[in-house]
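With mmCIF, C-alpha atoms and all ligand atoms inside, this is coords-v5.cif:
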data_protein
loop_
_atom_site.label_atom_id
_atom_site.label_comp_id
_atom_site.auth_asym_id
_atom_site.auth_seq_id
_atom_site.Cartn_x
_atom_site.Cartn_y
_atom_site.Cartn_z
CA MET A 1363 7.97 16.03 -18.94
CA ALA A 1364 6.54 15.77 -15.43
CA LYS A 1365 7.14 18.56 -12.98
CA ARG A 1366 9.08 17.29 -9.95
CA GLY A 1367 8.49 18.21 -6.35
CA TYR A 1368 11.17 18.48 -3.66
CA GLN A 1369 11.74 14.70 -3.56
CA GLY A 1370 12.08 14.57 -7.33
CA THR A 1371 14.67 17.34 -7.23
CA ILE A 1372 16.68 15.44 -4.63
CA LEU A 1373 16.54 12.25 -6.71
CA ARG A 1374 17.69 14.18 -9.78
CA LEU A 1375 20.56 15.76 -7.82
CA LEU A 1376 21.59 12.28 -6.74
CA GLY A 1377 21.87 11.27 -10.37
CA ALA A 1378 18.53 9.50 -10.84
CA ARG A 1379 16.65 10.13 -14.05
CA ASP A 1380 13.37 8.95 -15.43
CA HIS A 1381 13.14 6.16 -17.97
CA LEU A 1382 10.00 5.26 -19.84
CA ALA A 1383 8.85 1.62 -19.90
CA THR A 1384 6.14 0.23 -22.19
CA VAL A 1385 4.04 -2.85 -21.47
CA VAL A 1386 4.92 -5.73 -23.83
CA SER A 1387 2.85 -8.53 -22.24
CA THR A 1388 0.95 -9.48 -19.09
CA GLU A 1389 0.54 -12.91 -17.45
CA LEU A 1390 -1.43 -13.82 -14.32
CA ARG A 1391 0.92 -16.30 -12.57
CA ALA A 1392 -1.36 -16.79 -9.52
CA PRO A 1393 -4.79 -15.27 -8.79
CA HIS A 1394 -3.17 -12.19 -7.18
CA PHE A 1395 0.29 -12.26 -8.81
CA LEU A 1396 0.69 -10.58 -12.16
CA ARG A 1397 3.83 -10.57 -14.30
CA ILE A 1398 4.26 -7.62 -16.64
CA VAL A 1399 7.01 -7.58 -19.25
CA PHE A 1400 8.15 -4.05 -20.11
CA ALA A 1401 10.47 -2.66 -22.76
CA SER A 1402 12.62 0.43 -22.30
CA ASP A 1403 15.19 1.68 -24.77
CA SER A 1404 17.21 3.60 -22.13
CA LEU A 1405 17.10 1.62 -18.87
CA LEU A 1406 19.01 -1.64 -19.07
CA GLY A 1407 22.41 -0.35 -20.14
CA THR A 1408 22.52 1.96 -17.12
CA ILE A 1409 21.72 -0.35 -14.18
CA ASP A 1410 22.78 -3.54 -12.38
CA THR A 1411 20.06 -6.17 -12.86
CA GLY A 1412 21.55 -8.75 -10.47
CA PRO A 1413 19.39 -10.87 -8.11
CA ALA A 1414 16.91 -8.79 -6.04
CA SER A 1415 17.74 -5.52 -7.84
CA TRP A 1416 14.81 -3.12 -7.98
CA LEU A 1417 13.35 -0.04 -9.63
CA ARG A 1418 11.27 2.92 -8.46
CA PHE A 1419 8.11 3.19 -10.55
CA TRP A 1420 5.99 6.37 -10.65
CA PHE A 1421 2.37 5.19 -10.62
CA PRO A 1422 -0.47 7.53 -11.58
CA ASP A 1423 -2.98 8.38 -8.88
CA PRO A 1424 -5.95 5.94 -9.05
CA SER A 1425 -8.44 8.75 -8.34
CA GLY A 1426 -7.10 10.94 -11.16
CA ARG A 1427 -5.31 13.60 -9.06
CA ASN A 1428 -2.19 15.19 -10.61
CA ILE A 1429 0.08 13.10 -8.42
CA GLU A 1430 2.43 10.20 -9.09
CA HIS A 1431 3.27 7.67 -6.37
CA GLN A 1432 6.73 6.16 -6.16
CA ARG A 1433 6.81 2.44 -5.34
CA ALA A 1434 9.66 -0.08 -5.51
CA TYR A 1435 9.46 -3.29 -7.58
CA THR A 1436 12.00 -6.06 -8.22
CA ILE A 1437 13.43 -6.89 -11.62
CA VAL A 1438 12.81 -10.62 -12.17
CA GLU A 1439 14.12 -11.10 -15.70
CA SER A 1440 15.91 -8.81 -18.11
CA ASP A 1441 17.42 -8.92 -21.56
CA SER A 1442 19.76 -6.08 -22.46
CA GLU A 1443 19.60 -7.05 -26.17
CA THR A 1444 15.87 -6.33 -26.43
CA GLY A 1445 15.60 -3.83 -23.55
CA GLU A 1446 12.88 -6.04 -22.01
CA PHE A 1447 12.48 -6.76 -18.30
CA ALA A 1448 9.77 -8.36 -16.14
CA ILE A 1449 8.17 -7.30 -12.86
CA ASP A 1450 5.88 -9.46 -10.67
CA PHE A 1451 3.13 -7.44 -8.97
CA VAL A 1452 1.22 -8.69 -5.91
CA LEU A 1453 -2.32 -7.42 -6.45
CA HIS A 1454 -3.80 -6.53 -3.09
CA GLU A 1455 -6.80 -4.77 -1.61
CA PRO A 1456 -7.34 -1.90 -1.26
CA ALA A 1457 -6.27 -1.50 -4.90
CA VAL A 1458 -3.87 1.39 -4.33
CA PRO A 1459 -1.59 2.85 -7.06
CA PRO A 1460 0.47 -0.18 -8.25
CA SER A 1461 -2.34 -2.76 -7.93
CA HIS A 1462 -4.75 -0.42 -9.69
CA TRP A 1463 -2.33 0.42 -12.49
CA ALA A 1464 -1.05 -3.16 -13.01
CA SER A 1465 -4.53 -4.75 -13.04
CA ASN A 1466 -5.62 -2.32 -15.75
CA ALA A 1467 -2.38 -2.38 -17.78
CA HIS A 1468 -2.64 -3.07 -21.51
CA ILE A 1469 0.03 -3.74 -24.12
CA GLY A 1470 1.43 -0.39 -25.24
CA ASP A 1471 0.74 1.46 -21.95
CA SER A 1472 3.77 3.27 -20.60
CA ILE A 1473 5.01 4.33 -17.18
CA ALA A 1474 7.92 6.37 -15.79
CA LEU A 1475 10.53 4.81 -13.54
CA THR A 1476 13.77 5.74 -11.83
CA SER A 1477 16.69 3.63 -10.71
CA LEU A 1478 18.52 4.74 -7.60
CA SER A 1479 20.09 3.02 -4.56
CA SER A 1480 18.99 -0.46 -5.59
CA THR A 1481 20.89 -3.25 -3.86
CA THR A 1482 21.78 -6.61 -5.37
CA PHE A 1483 22.19 -9.97 -3.66
CA GLU A 1484 25.77 -11.20 -4.07
CA LEU A 1485 27.36 -14.44 -2.96
CA PRO A 1486 30.51 -13.78 -0.92
CA GLU A 1487 33.76 -15.32 -2.17
CA ALA A 1488 33.95 -17.61 0.88
CA LEU A 1489 30.53 -19.25 0.81
CA PRO A 1490 28.57 -19.22 4.08
CA ALA A 1491 27.48 -22.37 5.90
CA GLY A 1492 23.90 -21.63 4.89
CA TYR A 1493 21.25 -18.97 4.29
CA LEU A 1494 18.36 -17.99 6.52
CA LEU A 1495 15.84 -16.25 4.24
CA ALA A 1496 12.58 -14.56 5.24
CA GLY A 1497 9.95 -12.82 3.16
CA ASP A 1498 6.36 -12.71 1.96
CA ALA A 1499 4.54 -12.42 -1.37
CA ALA A 1500 6.04 -8.98 -2.09
CA SER A 1501 9.58 -10.28 -1.69
CA THR A 1502 8.90 -13.56 -3.57
CA PRO A 1503 10.39 -12.08 -6.78
CA ALA A 1504 13.63 -11.23 -4.94
CA LEU A 1505 13.68 -14.50 -3.00
CA ALA A 1506 13.17 -16.55 -6.16
CA ALA A 1507 16.25 -14.93 -7.73
CA ILE A 1508 18.27 -15.44 -4.54
CA VAL A 1509 17.33 -19.12 -4.20
CA THR A 1510 18.29 -19.67 -7.84
CA THR A 1511 21.69 -18.05 -7.19
CA ILE A 1512 22.59 -20.04 -4.07
CA PRO A 1513 24.65 -23.13 -5.05
CA ALA A 1514 22.97 -26.52 -4.53
CA PRO A 1515 25.12 -27.75 -1.61
CA ILE A 1516 24.42 -24.67 0.54
CA PRO A 1517 21.45 -25.25 2.88
CA ILE A 1518 18.60 -22.75 2.94
CA GLU A 1519 15.98 -22.24 5.65
CA LEU A 1520 13.22 -20.17 4.03
CA TYR A 1521 10.49 -18.60 6.20
CA LEU A 1522 7.51 -17.24 4.27
CA GLU A 1523 4.89 -15.09 5.96
CA GLU A 1524 1.38 -15.77 4.69
CA HIS A 1525 -0.84 -12.67 4.55
CA ASP A 1526 -3.36 -14.19 2.14
CA ALA A 1527 -4.15 -17.90 1.55
CA LEU A 1528 -3.46 -17.24 -2.17
CA ASP A 1529 0.20 -16.53 -1.34
CA ARG A 1530 0.91 -20.27 -1.43
CA GLN A 1531 -0.08 -20.38 -5.11
CA ILE A 1532 2.74 -18.06 -6.17
CA PRO A 1533 5.21 -20.09 -8.29
CA PHE A 1534 8.58 -20.53 -6.59
CA PRO A 1535 11.80 -22.25 -7.74
CA LYS A 1536 13.07 -25.43 -6.11
CA HIS A 1537 16.44 -25.81 -4.38
CA PRO A 1538 17.76 -29.28 -3.48
CA ASN A 1539 18.79 -28.21 0.01
CA MET A 1540 15.96 -25.90 1.07
CA ASN A 1541 13.40 -26.23 3.86
CA VAL A 1542 10.34 -24.02 3.40
CA HIS A 1543 8.38 -22.91 6.48
CA TRP A 1544 5.06 -21.10 5.97
CA VAL A 1545 3.98 -18.90 8.88
CA THR A 1546 0.49 -17.39 8.98
CA ARG A 1547 0.60 -13.72 9.95
CA THR A 1548 -1.39 -13.98 13.16
CA SER A 1549 0.65 -11.12 14.70
CA ALA A 1550 3.64 -8.94 13.83
CA SER A 1551 5.92 -11.27 15.77
CA ALA A 1552 4.56 -14.58 14.39
CA LEU A 1553 7.35 -15.08 11.83
CA ALA A 1554 10.15 -13.92 14.15
CA GLU A 1555 8.94 -16.34 16.82
CA ALA A 1556 8.58 -19.23 14.35
CA ILE A 1557 12.26 -19.18 13.39
CA GLU A 1558 14.13 -21.92 15.17
CA THR A 1559 16.42 -20.86 17.98
CA ARG A 1560 19.60 -22.77 17.15
CA ASN A 1561 23.24 -22.21 16.31
CA TRP A 1562 23.37 -20.08 13.15
CA ASP A 1563 27.17 -19.77 13.19
CA GLY A 1564 28.61 -19.19 9.73
CA TRP A 1565 25.16 -18.55 8.17
CA ARG A 1566 23.95 -15.39 6.48
CA ALA A 1567 20.47 -13.87 6.78
CA TRP A 1568 18.37 -11.97 4.21
CA ALA A 1569 14.91 -10.75 5.26
CA CYS A 1570 12.51 -8.42 3.45
CA LEU A 1571 9.11 -8.19 5.13
CA GLU A 1572 6.23 -5.97 6.12
CA MET A 1573 7.57 -3.22 8.43
CA GLY A 1574 5.99 -4.53 11.67
CA SER A 1575 7.16 -8.10 11.01
CA LEU A 1576 10.65 -6.83 10.25
CA ARG A 1577 10.71 -4.82 13.46
CA ALA A 1578 10.00 -8.04 15.39
CA LEU A 1579 12.62 -10.00 13.46
CA ARG A 1580 15.53 -7.54 13.79
CA PRO A 1581 16.33 -8.24 17.49
CA ARG A 1582 15.95 -12.00 16.89
CA LEU A 1583 18.61 -11.89 14.16
CA LYS A 1584 20.92 -9.59 16.07
CA HIS A 1585 20.63 -10.72 19.67
CA ASP A 1586 19.02 -14.19 19.76
CA PHE A 1587 20.80 -15.60 16.69
CA ALA A 1588 23.97 -13.42 16.83
CA PHE A 1589 24.14 -12.60 13.12
CA ALA A 1590 26.94 -10.04 12.66
CA LYS A 1591 25.97 -6.84 10.83
CA ALA A 1592 27.90 -7.92 7.72
CA ASP A 1593 26.05 -11.25 7.69
CA ARG A 1594 22.49 -9.93 7.77
CA PHE A 1595 20.52 -7.84 5.28
CA VAL A 1596 17.06 -6.59 6.20
CA GLN A 1597 14.64 -4.18 4.50
CA ALA A 1598 10.98 -3.27 5.00
CA TYR A 1599 9.11 -3.82 1.71
CA TRP A 1600 5.71 -2.41 2.74
CA ARG A 1601 3.60 -1.27 5.70
CA LEU A 1602 0.35 -2.81 6.86
CA ASP A 1603 -0.80 0.50 8.36
CA GLY A 1604 -0.09 2.96 5.57
CA ALA A 1605 1.66 3.89 2.35
CA MET A 1606 5.40 3.52 1.89
CA GLY A 1607 6.68 5.78 -0.85
CA ARG A 1608 7.05 9.31 -2.08
CA GLU A 1609 4.75 11.42 -4.21
CA ARG A 1610 5.40 14.00 -6.88
CA SER A 1611 3.26 16.22 -9.02
CA SER A 1612 2.42 14.89 -12.46
CA ALA A 1613 1.29 18.29 -13.77
CA ASN A 1614 2.95 19.42 -17.01
CA GLU A 1615 5.85 21.82 -16.68
CA ASP A 1616 4.57 24.34 -19.21
C1 LIG A 1701 13.06 -2.86 -2.67
C2 LIG A 1701 11.62 -3.30 -2.79
C3 LIG A 1701 11.25 -4.22 -3.75
C4 LIG A 1701 9.91 -4.62 -3.88
N1 LIG A 1701 9.56 -5.53 -4.85
C5 LIG A 1701 8.27 -5.88 -5.00
C6 LIG A 1701 7.87 -6.77 -6.04
O1 LIG A 1701 8.68 -7.20 -6.87
N2 LIG A 1701 6.56 -7.11 -6.13
C7 LIG A 1701 5.63 -6.61 -5.23
O2 LIG A 1701 4.43 -6.95 -5.37
N3 LIG A 1701 5.97 -5.78 -4.24
C8 LIG A 1701 7.26 -5.39 -4.11
N4 LIG A 1701 7.62 -4.53 -3.13
C9 LIG A 1701 6.57 -4.04 -2.23
C10 LIG A 1701 5.79 -2.91 -2.84
O3 LIG A 1701 6.66 -1.83 -3.16
C11 LIG A 1701 4.75 -2.46 -1.82
O4 LIG A 1701 3.83 -3.48 -1.59
C12 LIG A 1701 4.10 -1.22 -2.35
O5 LIG A 1701 4.60 -0.09 -1.66
C13 LIG A 1701 2.66 -1.23 -2.22
O6 LIG A 1701 2.25 0.03 -2.64
P1 LIG A 1701 0.72 0.30 -2.71
O7 LIG A 1701 0.57 1.67 -3.29
O8 LIG A 1701 0.07 -0.87 -3.37
O9 LIG A 1701 0.30 0.31 -1.22
P2 LIG A 1701 0.62 1.52 -0.21
O10 LIG A 1701 -0.02 2.76 -0.72
O11 LIG A 1701 2.10 1.51 0.04
O12 LIG A 1701 -0.14 1.01 1.08
C14 LIG A 1701 -1.56 1.06 1.18
C15 LIG A 1701 -2.04 -0.18 1.90
O13 LIG A 1701 -1.90 -1.29 1.04
C16 LIG A 1701 -1.56 -2.45 1.79
N5 LIG A 1701 -0.41 -3.12 1.16
C17 LIG A 1701 0.71 -2.54 0.61
N6 LIG A 1701 1.53 -3.49 0.10
C18 LIG A 1701 0.93 -4.68 0.33
C19 LIG A 1701 1.28 -6.02 0.04
N7 LIG A 1701 2.42 -6.34 -0.60
N8 LIG A 1701 0.44 -6.99 0.40
C20 LIG A 1701 -0.73 -6.71 1.04
N9 LIG A 1701 -1.13 -5.45 1.35
C21 LIG A 1701 -0.31 -4.46 1.00
C22 LIG A 1701 -1.21 -1.98 3.20
O14 LIG A 1701 -2.20 -2.41 4.08
C23 LIG A 1701 -1.21 -0.49 3.12
O15 LIG A 1701 -1.78 0.08 4.26
C24 LIG A 1701 8.94 -4.10 -3.00
C25 LIG A 1701 9.32 -3.15 -2.03
C26 LIG A 1701 10.64 -2.76 -1.92
C27 LIG A 1701 11.02 -1.74 -0.88
#
Show me the file's structure as structure tokens.
Amino acid sequence: MAKRGYQGTILRLLGARDHLATVVSTELRAPHFLRIVFASDSLLGTIDTGPASWLRFWFPDPSGRNIEHQRAYTIVESDSETGEFAIDFVLHEPAVPPSHWASNAHIGDSIALTSLSSTTFELPEALPAGYLLAGDAASTPALAAIVTTIPAPIPIELYLEEHDALDRQIPFPKHPNMNVHWVTRTSASALAEAIETRNWDGWRAWACLEMGSLRALRPRLKHDFAFAKADRFVQAYWRLDGAMGRERSSANED
């Protein structure tokens, strides 16, 4: 059992507990986009696996220090009968904890994970006039589940921020009423500025981006497009200028 630091103690007090997941298969779905199917005999009965739900993995330190790094990843498929679930990893440089672990993962390898404060995308009872969605490769797994959930007649305007030319090779589901806009990340405000200034009355917004891009988008959604708080969901998924996640000791307790 891993010794927990202060953050681990807080998570445990909040009711989080570790589960163990074992690699069942791996599949490269684009040159930098790897799907790993895991099995866990304790996880799936205890969590909501709805669209865009996510888990906190504890990745070993790539340089071998006795530290584990917590990073969030989205559940893309799950089967409570078998205990199997899939995660899509964007492999990026520098190959920091998740990229390093996932690129070297073999069938039978195992990893610890925690589930706490995950949110799930839910359609409201009264359907909105449309959805404005924004994301990048890291939120593709969540966006794919969301697009699949949105009924065919509801229009979608999807803005995707390109950080790497390979991002366009990531498989993505079709929707009969969706316009896709790719925006190259020339600056933190490129995506926010690319979104059409128009009447978004009755629409909902969901945006999960790199922290700087999200910072630029927030005032657009709130002030320029007048999305009410209840009609917009935003979350930073990663940071261009540093790590986003906690650490804990992985030293043995005794
Ligand atoms: C709720 C939630 C769900 C998420 N789901 C997924 C998912 O399903 N699949 C997925 O791939 N990611 C997902 N992410 C993003 C993922 O957690 C981050 O990319 C992760 O923190 C990267 O950790 P790292 O150790 O690789 O890099 P860090 O140690 O956090 O950062 C080191 C450097 O790596 C670079 N970096 C980090 N992330 C990326 C990236 N995505 N692209 C390019 N460069 C990057 C940055 O330049 C950073 O300075 C999710 C994040 C959240 C919050």
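Relative to CA of Lys1591 (chain A), CA of Glu1519 (chain A) is found at 19.1 Å.
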Exercise. Could you please determine the separation between CA of Arg1560 (chain A) and CA of Glu1484 (chain A) in Å, to one decimal place?
Key: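 Value for the CA of Arg1560 (chain A)-CA of Glu1484 (chain A) distance: 24.9 Å.
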Self-check item: One-decimal distance in Å that lies between CA of Asp1403 (chain A) and CA of Ala1506 (chain A)
Solution: 26.1 Å
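Proximity to Thr1476 (chain A) was assessed for A:Asp1593, A:Asp1380, A:Asp1498, A:Glu1609 counting all atoms listed in the file; the smallest distance is recorded for A:Asp1380.
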Quiz item: What's the 7 Å shell around Pro1515 (chain A), counting only C-alpha atoms, without same-chain residues fewer than 2 positions away, as number ranges by chain?
Solution: A: 1513, 1517, 1539
Exercise. Name the residues, using the chain letters and numbers of the file, that sit within 8 Å of (-0.2, -3.1, 7.9) when counting only C-alpha atoms, and give them as a ChimeraX atom specification.
Key: /A:1572-1574,1600-1604
Exercise. Return as a PyMOL selection string the residues of protein, DNA or RNA that approach ligand LIG 1701 (chain A) to within 7 Å, with all atoms listed in the file taken into account.
Key: chain A and resi 1416+1433-1437+1449-1461+1499-1501+1503-1504+1525+1597-1607
Residues as selected, C-alpha atoms, written as a compact mmCIF listing (two decimals), keeping the file's coordinate frame, can you do that?
# COMPACT_ATOMS: atom_id res chain seq x y z
CA TRP A 1416 14.81 -3.12 -7.98
CA ARG A 1433 6.81 2.44 -5.34
CA ALA A 1434 9.66 -0.08 -5.51
CA TYR A 1435 9.46 -3.29 -7.58
CA THR A 1436 12.00 -6.06 -8.22
CA ILE A 1437 13.43 -6.89 -11.62
CA ILE A 1449 8.17 -7.30 -12.86
CA ASP A 1450 5.88 -9.46 -10.67
CA PHE A 1451 3.13 -7.44 -8.97
CA VAL A 1452 1.22 -8.69 -5.91
CA LEU A 1453 -2.32 -7.42 -6.45
CA HIS A 1454 -3.80 -6.53 -3.09
CA GLU A 1455 -6.80 -4.77 -1.61
CA PRO A 1456 -7.34 -1.90 -1.26
CA ALA A 1457 -6.27 -1.50 -4.90
CA VAL A 1458 -3.87 1.39 -4.33
CA PRO A 1459 -1.59 2.85 -7.06
CA PRO A 1460 0.47 -0.18 -8.25
CA SER A 1461 -2.34 -2.76 -7.93
CA ALA A 1499 4.54 -12.42 -1.37
CA ALA A 1500 6.04 -8.98 -2.09
CA SER A 1501 9.58 -10.28 -1.69
CA PRO A 1503 10.39 -12.08 -6.78
CA ALA A 1504 13.63 -11.23 -4.94
CA HIS A 1525 -0.84 -12.67 4.55
CA GLN A 1597 14.64 -4.18 4.50
CA ALA A 1598 10.98 -3.27 5.00
CA TYR A 1599 9.11 -3.82 1.71
CA TRP A 1600 5.71 -2.41 2.74
CA ARG A 1601 3.60 -1.27 5.70
CA LEU A 1602 0.35 -2.81 6.86
CA ASP A 1603 -0.80 0.50 8.36
CA GLY A 1604 -0.09 2.96 5.57
CA ALA A 1605 1.66 3.89 2.35
CA MET A 1606 5.40 3.52 1.89
CA GLY A 1607 6.68 5.78 -0.85
Self-check item: Given only C-alpha atoms as the counted atoms, nearest of A:Asp1410, A:Phe1447, A:Gly1497, A:Thr1548 to Asp1529 (chain A)
Solution: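 The closest residue to Asp1529 (chain A) is A:Gly1497.
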Practice problem: Name all residues at most 10 Å from Ser1440 (chain A) (count all atoms listed in the file; drop same-chain ones fewer than 3 positions away) and give them as a list in words. | Solution: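 Returned residues: Val1399, Phe1400, Ala1401, Leu1406, Thr1411, Gly1412, Ile1437, Glu1443, Thr1444, Gly1445, Glu1446, Phe1447, Ala1448 and Ile1449 of chain A.
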Quiz item: Looking at A:Gly1470, A:Gly1564, A:Pro1533, A:Gly1426, which one is nearest to Tyr1493 (chain A), with distances taken over all atoms listed in the file?
Solution: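 With all atoms listed in the file as the atom set, the closest residue is A:Gly1564.
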Quiz prompt | Near-Ala1554 (chain A) list (8 Å; all atoms listed in the file; drop same-chain fewer than 3 positions) as a list in words | solution =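 So the residues in contact are Ser1551, Ile1557, Ser1575, Ala1578, Leu1579 and Arg1582 of chain A.
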Practice problem: Excluding Ala1590 (chain A) and residues on its chain fewer than 2 positions from it, collect all residues at most 12 Å away from it, counting all atoms listed in the file, and give them as a list in words. | Solution: Trp1562, Asp1563, Gly1564, Trp1565, Arg1566, Ala1567, Arg1580, Pro1581, Arg1582, Leu1583, Lys1584, His1585, Asp1586, Phe1587, Ala1588, Ala1592, Asp1593, Arg1594 and Phe1595 of chain A
If the box runs along x, y and z of the file and leaves 4 Å on each side of region 1414-1421 of chain A, what are its centre and edge lengths in Å, one decimal, as AutoDock Vina command-line options?
--center_x 10.1 --center_y -1.2 --center_z -8.3 --size_x 23.4 --size_y 23.2 --size_z 12.6
Neighbours of Arg1427 (chain A) within 12 Å (all atoms listed in the file; same-chain residues fewer than 3 positions away dropped), as an mmCIF file with C-alpha atoms, in the frame of the given file?
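This is the output file selection-v7.cif:
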data_model
loop_
_atom_site.group_PDB
_atom_site.id
_atom_site.type_symbol
_atom_site.label_atom_id
_atom_site.label_comp_id
_atom_site.auth_asym_id
_atom_site.auth_seq_id
_atom_site.Cartn_x
_atom_site.Cartn_y
_atom_site.Cartn_z
ATOM 1 C CA PHE A 1421 2.370 5.190 -10.620
ATOM 2 C CA PRO A 1422 -0.470 7.530 -11.580
ATOM 3 C CA ASP A 1423 -2.980 8.380 -8.880
ATOM 4 C CA PRO A 1424 -5.950 5.940 -9.050
ATOM 5 C CA GLU A 1430 2.430 10.200 -9.090
ATOM 6 C CA HIS A 1431 3.270 7.670 -6.370
ATOM 7 C CA PRO A 1459 -1.590 2.850 -7.060
ATOM 8 C CA GLU A 1609 4.750 11.420 -4.210
ATOM 9 C CA ARG A 1610 5.400 14.000 -6.880
ATOM 10 C CA SER A 1611 3.260 16.220 -9.020
ATOM 11 C CA SER A 1612 2.420 14.890 -12.460
ATOM 12 C CA ALA A 1613 1.290 18.290 -13.770
#
Quiz item: Between A:Asn1561, A:Thr1384, A:Asn1466, A:Ser1477, which has the minimum distance to Gln1432 (chain A) (counting all atoms listed in the file)?
Solution: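 Of A:Asn1561, A:Thr1384, A:Asn1466, A:Ser1477, the one nearest Gln1432 (chain A) is A:Ser1477, counting all atoms listed in the file.
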Please, can region 1423-1436 of chain A be completed to N, CA and C atoms and returned as a JSON list (two decimals), in the frame of the given file?
[["chain", "number", "residue", "atom", "x", "y", "z"],
["A", 1423, "ASP", "N", -2.04, 8.43, -10.01],
["A", 1423, "ASP", "CA", -2.98, 8.38, -8.88],
["A", 1423, "ASP", "C", -4.28, 7.71, -9.33],
["A", 1424, "PRO", "N", -4.75, 6.67, -8.61],
["A", 1424, "PRO", "CA", -5.95, 5.94, -9.05],
["A", 1424, "PRO", "C", -7.20, 6.84, -9.12],
["A", 1425, "SER", "N", -7.23, 7.91, -8.31],
["A", 1425, "SER", "CA", -8.44, 8.75, -8.34],
["A", 1425, "SER", "C", -8.30, 9.93, -9.29],
["A", 1426, "GLY", "N", -7.22, 9.94, -10.09],
["A", 1426, "GLY", "CA", -7.10, 10.94, -11.16],
["A", 1426, "GLY", "C", -6.47, 12.25, -10.73],
["A", 1427, "ARG", "N", -5.98, 12.35, -9.47],
["A", 1427, "ARG", "CA", -5.31, 13.60, -9.06],
["A", 1427, "ARG", "C", -3.99, 13.73, -9.81],
["A", 1428, "ASN", "N", -3.46, 14.96, -9.90],
["A", 1428, "ASN", "CA", -2.19, 15.19, -10.61],
["A", 1428, "ASN", "C", -1.00, 14.83, -9.73],
["A", 1429, "ILE", "N", -0.98, 13.58, -9.32],
["A", 1429, "ILE", "CA", 0.08, 13.10, -8.42],
["A", 1429, "ILE", "C", 0.58, 11.76, -8.94],
["A", 1430, "GLU", "N", 1.89, 11.53, -8.81],
["A", 1430, "GLU", "CA", 2.43, 10.20, -9.09],
["A", 1430, "GLU", "C", 3.00, 9.64, -7.79],
["A", 1431, "HIS", "N", 2.84, 8.32, -7.61],
["A", 1431, "HIS", "CA", 3.27, 7.67, -6.37],
["A", 1431, "HIS", "C", 4.46, 6.78, -6.67],
["A", 1432, "GLN", "N", 5.53, 6.98, -5.92],
["A", 1432, "GLN", "CA", 6.73, 6.16, -6.16],
["A", 1432, "GLN", "C", 6.65, 4.86, -5.35],
["A", 1433, "ARG", "N", 6.83, 3.73, -6.02],
["A", 1433, "ARG", "CA", 6.81, 2.44, -5.34],
["A", 1433, "ARG", "C", 7.91, 1.56, -5.93],
["A", 1434, "ALA", "N", 8.53, 0.74, -5.07],
["A", 1434, "ALA", "CA", 9.66, -0.08, -5.51],
["A", 1434, "ALA", "C", 9.21, -1.47, -5.97],
["A", 1435, "TYR", "N", 9.77, -1.95, -7.06],
["A", 1435, "TYR", "CA", 9.46, -3.29, -7.58],
["A", 1435, "TYR", "C", 10.74, -3.95, -8.10],
["A", 1436, "THR", "N", 10.79, -5.28, -7.94],
["A", 1436, "THR", "CA", 12.00, -6.06, -8.22],
["A", 1436, "THR", "C", 12.06, -6.50, -9.68]]
